[in-house]
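This is my_file.cif (mmCIF, C-alpha atoms).
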data_model
loop_
_atom_site.group_PDB
_atom_site.id
_atom_site.type_symbol
_atom_site.label_atom_id
_atom_site.label_comp_id
_atom_site.auth_asym_id
_atom_site.auth_seq_id
_atom_site.Cartn_x
_atom_site.Cartn_y
_atom_site.Cartn_z
ATOM 1 C CA MET A 1140 56.066 -9.293 184.275
ATOM 2 C CA GLY A 1141 53.796 -7.685 186.886
ATOM 3 C CA GLN A 1142 51.793 -9.360 189.593
ATOM 4 C CA GLU A 1143 49.084 -11.133 187.616
ATOM 5 C CA CYS A 1144 48.134 -13.819 190.121
ATOM 6 C CA CYS A 1145 46.793 -13.592 193.642
ATOM 7 C CA ARG A 1146 49.654 -14.372 195.993
ATOM 8 C CA CYS A 1147 47.735 -16.879 198.082
ATOM 9 C CA PRO A 1148 44.194 -17.600 196.849
ATOM 10 C CA GLU A 1149 43.761 -20.461 199.323
ATOM 11 C CA GLY A 1150 44.172 -17.839 202.064
ATOM 12 C CA LEU A 1151 40.872 -16.326 200.917
ATOM 13 C CA VAL A 1152 38.832 -19.453 201.739
ATOM 14 C CA PRO A 1153 37.823 -18.163 205.226
ATOM 15 C CA PHE A 1154 36.546 -14.957 203.570
ATOM 16 C CA LEU A 1155 34.162 -16.714 201.152
ATOM 17 C CA ASP A 1156 30.545 -15.554 201.555
ATOM 18 C CA ARG A 1157 31.620 -12.983 204.148
ATOM 19 C CA LYS A 1158 31.557 -9.212 203.905
ATOM 20 C CA VAL A 1159 34.915 -7.737 202.889
ATOM 21 C CA THR A 1160 36.412 -4.452 201.802
ATOM 22 C CA VAL A 1161 38.781 -4.723 198.850
ATOM 23 C CA TYR A 1162 41.251 -1.866 198.537
ATOM 24 C CA THR A 1163 42.412 -1.310 194.960
ATOM 25 C CA LYS A 1164 44.564 1.223 193.174
ATOM 26 C CA CYS A 1165 41.328 3.004 192.151
ATOM 27 C CA GLY A 1166 39.501 2.984 195.495
ATOM 28 C CA GLU A 1167 37.661 0.499 197.646
ATOM 29 C CA ILE A 1168 34.810 -1.942 197.085
ATOM 30 C CA THR A 1169 32.703 -3.414 199.887
ATOM 31 C CA GLY A 1170 30.565 -6.500 199.441
ATOM 32 C CA PHE A 1171 30.482 -10.265 199.852
ATOM 33 C CA LEU A 1172 33.374 -12.333 198.489
ATOM 34 C CA ARG A 1173 31.646 -14.898 196.281
ATOM 35 C CA ALA A 1174 34.511 -16.546 194.365
ATOM 36 C CA PHE A 1175 38.177 -16.305 193.494
ATOM 37 C CA GLY A 1176 40.577 -17.735 190.965
ATOM 38 C CA GLU A 1177 44.267 -17.529 190.238
ATOM 39 C CA SER A 1178 44.028 -14.035 188.764
ATOM 40 C CA PHE A 1179 40.734 -12.545 190.009
ATOM 41 C CA ILE A 1180 38.185 -12.332 192.810
ATOM 42 C CA GLU A 1181 34.411 -11.794 192.565
ATOM 43 C CA VAL A 1182 32.707 -9.450 195.013
ATOM 44 C CA GLU A 1183 28.924 -9.101 195.220
ATOM 45 C CA GLU A 1184 28.346 -5.432 195.964
ATOM 46 C CA THR A 1185 25.237 -4.529 197.926
ATOM 47 C CA ASP A 1186 25.281 -0.759 197.518
ATOM 48 C CA PRO A 1187 23.786 0.938 195.548
ATOM 49 C CA ARG A 1188 22.337 -2.235 194.003
ATOM 50 C CA LEU A 1189 23.165 -5.920 193.840
ATOM 51 C CA ASP A 1190 26.086 -6.159 191.430
ATOM 52 C CA LEU A 1191 28.824 -8.764 190.859
ATOM 53 C CA THR A 1192 32.230 -7.147 190.388
ATOM 54 C CA ILE A 1193 35.275 -9.000 189.097
ATOM 55 C CA ILE A 1194 38.563 -7.553 190.330
ATOM 56 C CA GLN A 1195 41.894 -8.549 188.818
ATOM 57 C CA CYS A 1196 44.482 -9.487 191.447
ATOM 58 C CA ALA A 1197 46.985 -7.066 189.927
ATOM 59 C CA GLN A 1198 44.646 -4.235 191.022
ATOM 60 C CA ILE A 1199 44.234 -5.407 194.640
ATOM 61 C CA CYS A 1200 46.254 -3.720 197.365
ATOM 62 C CA HIS A 1201 44.580 -5.288 200.410
ATOM 63 C CA ILE A 1202 41.471 -7.267 201.435
ATOM 64 C CA ARG A 1203 39.953 -6.793 204.875
ATOM 65 C CA LEU A 1204 37.128 -8.678 206.565
ATOM 66 C CA VAL A 1205 34.303 -6.362 207.664
ATOM 67 C CA ARG A 1206 33.174 -7.096 211.191
ATOM 68 C CA THR A 1207 29.456 -6.636 211.734
#
Whole structure, structure tokens version:
Amino acid sequence: MGQECCRCPEGLVPFLDRKVTVYTKCGEITGFLRAFGESFIEVEETDPRLDLTIIQCAQICHIRLVRT
């Protein structure tokens, strides 16, 4: 059984509604963290257009807060 759940979703609470970069096995996604669950996060991308992206935790390598 692979990693299907986020290791520590409650650790993402300070990142809610803040700009983050999510590094995945397929690349990186930058946007605002809007929600998270046990097995996914939702990022609202701002470029090239407003788009809500759901990322499975198994695909996430690292999440970093973007300082503006």
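Our summary of the geometry notes that CA of Glu1177 (chain A) is positioned 24.4 Å from CA of Leu1189 (chain A).
Residue membership of the PyMOL selection byres ((chain A and resi 1167-1173) around 9) in the shown file amounts to Leu1151, Phe1154, Leu1155, Asp1156, Arg1157, Lys1158, Val1159, Thr1160, Val1161, Tyr1162, Thr1163, Lys1164, Cys1165, Gly1166, Ala1174, Phe1175, Ile1180, Glu1181, Val1182, Glu1183, Glu1184, Thr1185, Asp1186, Leu1191, Thr1192 and Val1205 of chain A.
Counting from CA of Gly1150 (chain A), the distance to CA of Arg1188 (chain A) is 28.0 Å.
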Around region 1155-1162 of chain A, with edges along x, y and z and 6 Å added on all six sides, what centre and edge lengths do you get, in Å to one decimal, as AutoDock Vina command-line options?
--center_x 35.9 --center_y -9.3 --center_z 201.3 --size_x 22.7 --size_y 26.8 --size_z 17.6
(request) Would you work out the distance separating CA of Leu1204 (chain A) from CA of Val1152 (chain A), expressed in Å to one decimal? (result)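 Calculated distance between CA of Leu1204 (chain A) and CA of Val1152 (chain A) is 11.9 Å.
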Completion step: region 1161-1177 of chain A with N, CA and C atoms as a PDB file, keeping the file's coordinate frame:
ATOM      1  N   VAL A1161      37.628  -4.506 199.717  1.00  0.00           N
ATOM      2  CA  VAL A1161      38.781  -4.723 198.850  1.00  0.00           C
ATOM      3  C   VAL A1161      39.340  -3.357 198.488  1.00  0.00           C
ATOM      4  N   TYR A1162      40.582  -3.121 198.848  1.00  0.00           N
ATOM      5  CA  TYR A1162      41.251  -1.866 198.537  1.00  0.00           C
ATOM      6  C   TYR A1162      42.033  -2.057 197.250  1.00  0.00           C
ATOM      7  N   THR A1163      41.735  -1.217 196.250  1.00  0.00           N
ATOM      8  CA  THR A1163      42.412  -1.310 194.960  1.00  0.00           C
ATOM      9  C   THR A1163      43.139  -0.001 194.677  1.00  0.00           C
ATOM     10  N   LYS A1164      43.853   0.017 193.583  1.00  0.00           N
ATOM     11  CA  LYS A1164      44.564   1.223 193.174  1.00  0.00           C
ATOM     12  C   LYS A1164      43.596   2.359 192.844  1.00  0.00           C
ATOM     13  N   CYS A1165      42.330   2.001 192.547  1.00  0.00           N
ATOM     14  CA  CYS A1165      41.328   3.004 192.151  1.00  0.00           C
ATOM     15  C   CYS A1165      40.342   3.353 193.255  1.00  0.00           C
ATOM     16  N   GLY A1166      40.446   2.719 194.407  1.00  0.00           N
ATOM     17  CA  GLY A1166      39.501   2.984 195.495  1.00  0.00           C
ATOM     18  C   GLY A1166      39.195   1.715 196.247  1.00  0.00           C
ATOM     19  N   GLU A1167      38.036   1.678 196.879  1.00  0.00           N
ATOM     20  CA  GLU A1167      37.661   0.499 197.646  1.00  0.00           C
ATOM     21  C   GLU A1167      36.277   0.019 197.262  1.00  0.00           C
ATOM     22  N   ILE A1168      36.074  -1.291 197.405  1.00  0.00           N
ATOM     23  CA  ILE A1168      34.810  -1.942 197.085  1.00  0.00           C
ATOM     24  C   ILE A1168      34.421  -2.788 198.283  1.00  0.00           C
ATOM     25  N   THR A1169      33.188  -2.624 198.764  1.00  0.00           N
ATOM     26  CA  THR A1169      32.703  -3.414 199.887  1.00  0.00           C
ATOM     27  C   THR A1169      31.568  -4.301 199.404  1.00  0.00           C
ATOM     28  N   GLY A1170      31.597  -5.549 199.813  1.00  0.00           N
ATOM     29  CA  GLY A1170      30.565  -6.500 199.441  1.00  0.00           C
ATOM     30  C   GLY A1170      30.929  -7.880 199.946  1.00  0.00           C
ATOM     31  N   PHE A1171      30.251  -8.895 199.426  1.00  0.00           N
ATOM     32  CA  PHE A1171      30.482 -10.265 199.852  1.00  0.00           C
ATOM     33  C   PHE A1171      31.390 -10.970 198.854  1.00  0.00           C
ATOM     34  N   LEU A1172      32.467 -11.581 199.346  1.00  0.00           N
ATOM     35  CA  LEU A1172      33.374 -12.333 198.489  1.00  0.00           C
ATOM     36  C   LEU A1172      32.663 -13.610 198.068  1.00  0.00           C
ATOM     37  N   ARG A1173      32.404 -13.753 196.779  1.00  0.00           N
ATOM     38  CA  ARG A1173      31.646 -14.898 196.281  1.00  0.00           C
ATOM     39  C   ARG A1173      32.517 -15.964 195.628  1.00  0.00           C
ATOM     40  N   ALA A1174      33.652 -15.575 195.041  1.00  0.00           N
ATOM     41  CA  ALA A1174      34.511 -16.546 194.365  1.00  0.00           C
ATOM     42  C   ALA A1174      35.880 -15.924 194.135  1.00  0.00           C
ATOM     43  N   PHE A1175      36.855 -16.788 193.859  1.00  0.00           N
ATOM     44  CA  PHE A1175      38.177 -16.305 193.494  1.00  0.00           C
ATOM     45  C   PHE A1175      38.864 -17.344 192.619  1.00  0.00           C
ATOM     46  N   GLY A1176      39.788 -16.867 191.827  1.00  0.00           N
ATOM     47  CA  GLY A1176      40.577 -17.735 190.965  1.00  0.00           C
ATOM     48  C   GLY A1176      42.031 -17.349 191.087  1.00  0.00           C
ATOM     49  N   GLU A1177      42.842 -17.835 190.183  1.00  0.00           N
ATOM     50  CA  GLU A1177      44.267 -17.529 190.238  1.00  0.00           C
ATOM     51  C   GLU A1177      44.579 -16.071 189.931  1.00  0.00           C
TER      52      GLU A1177
END
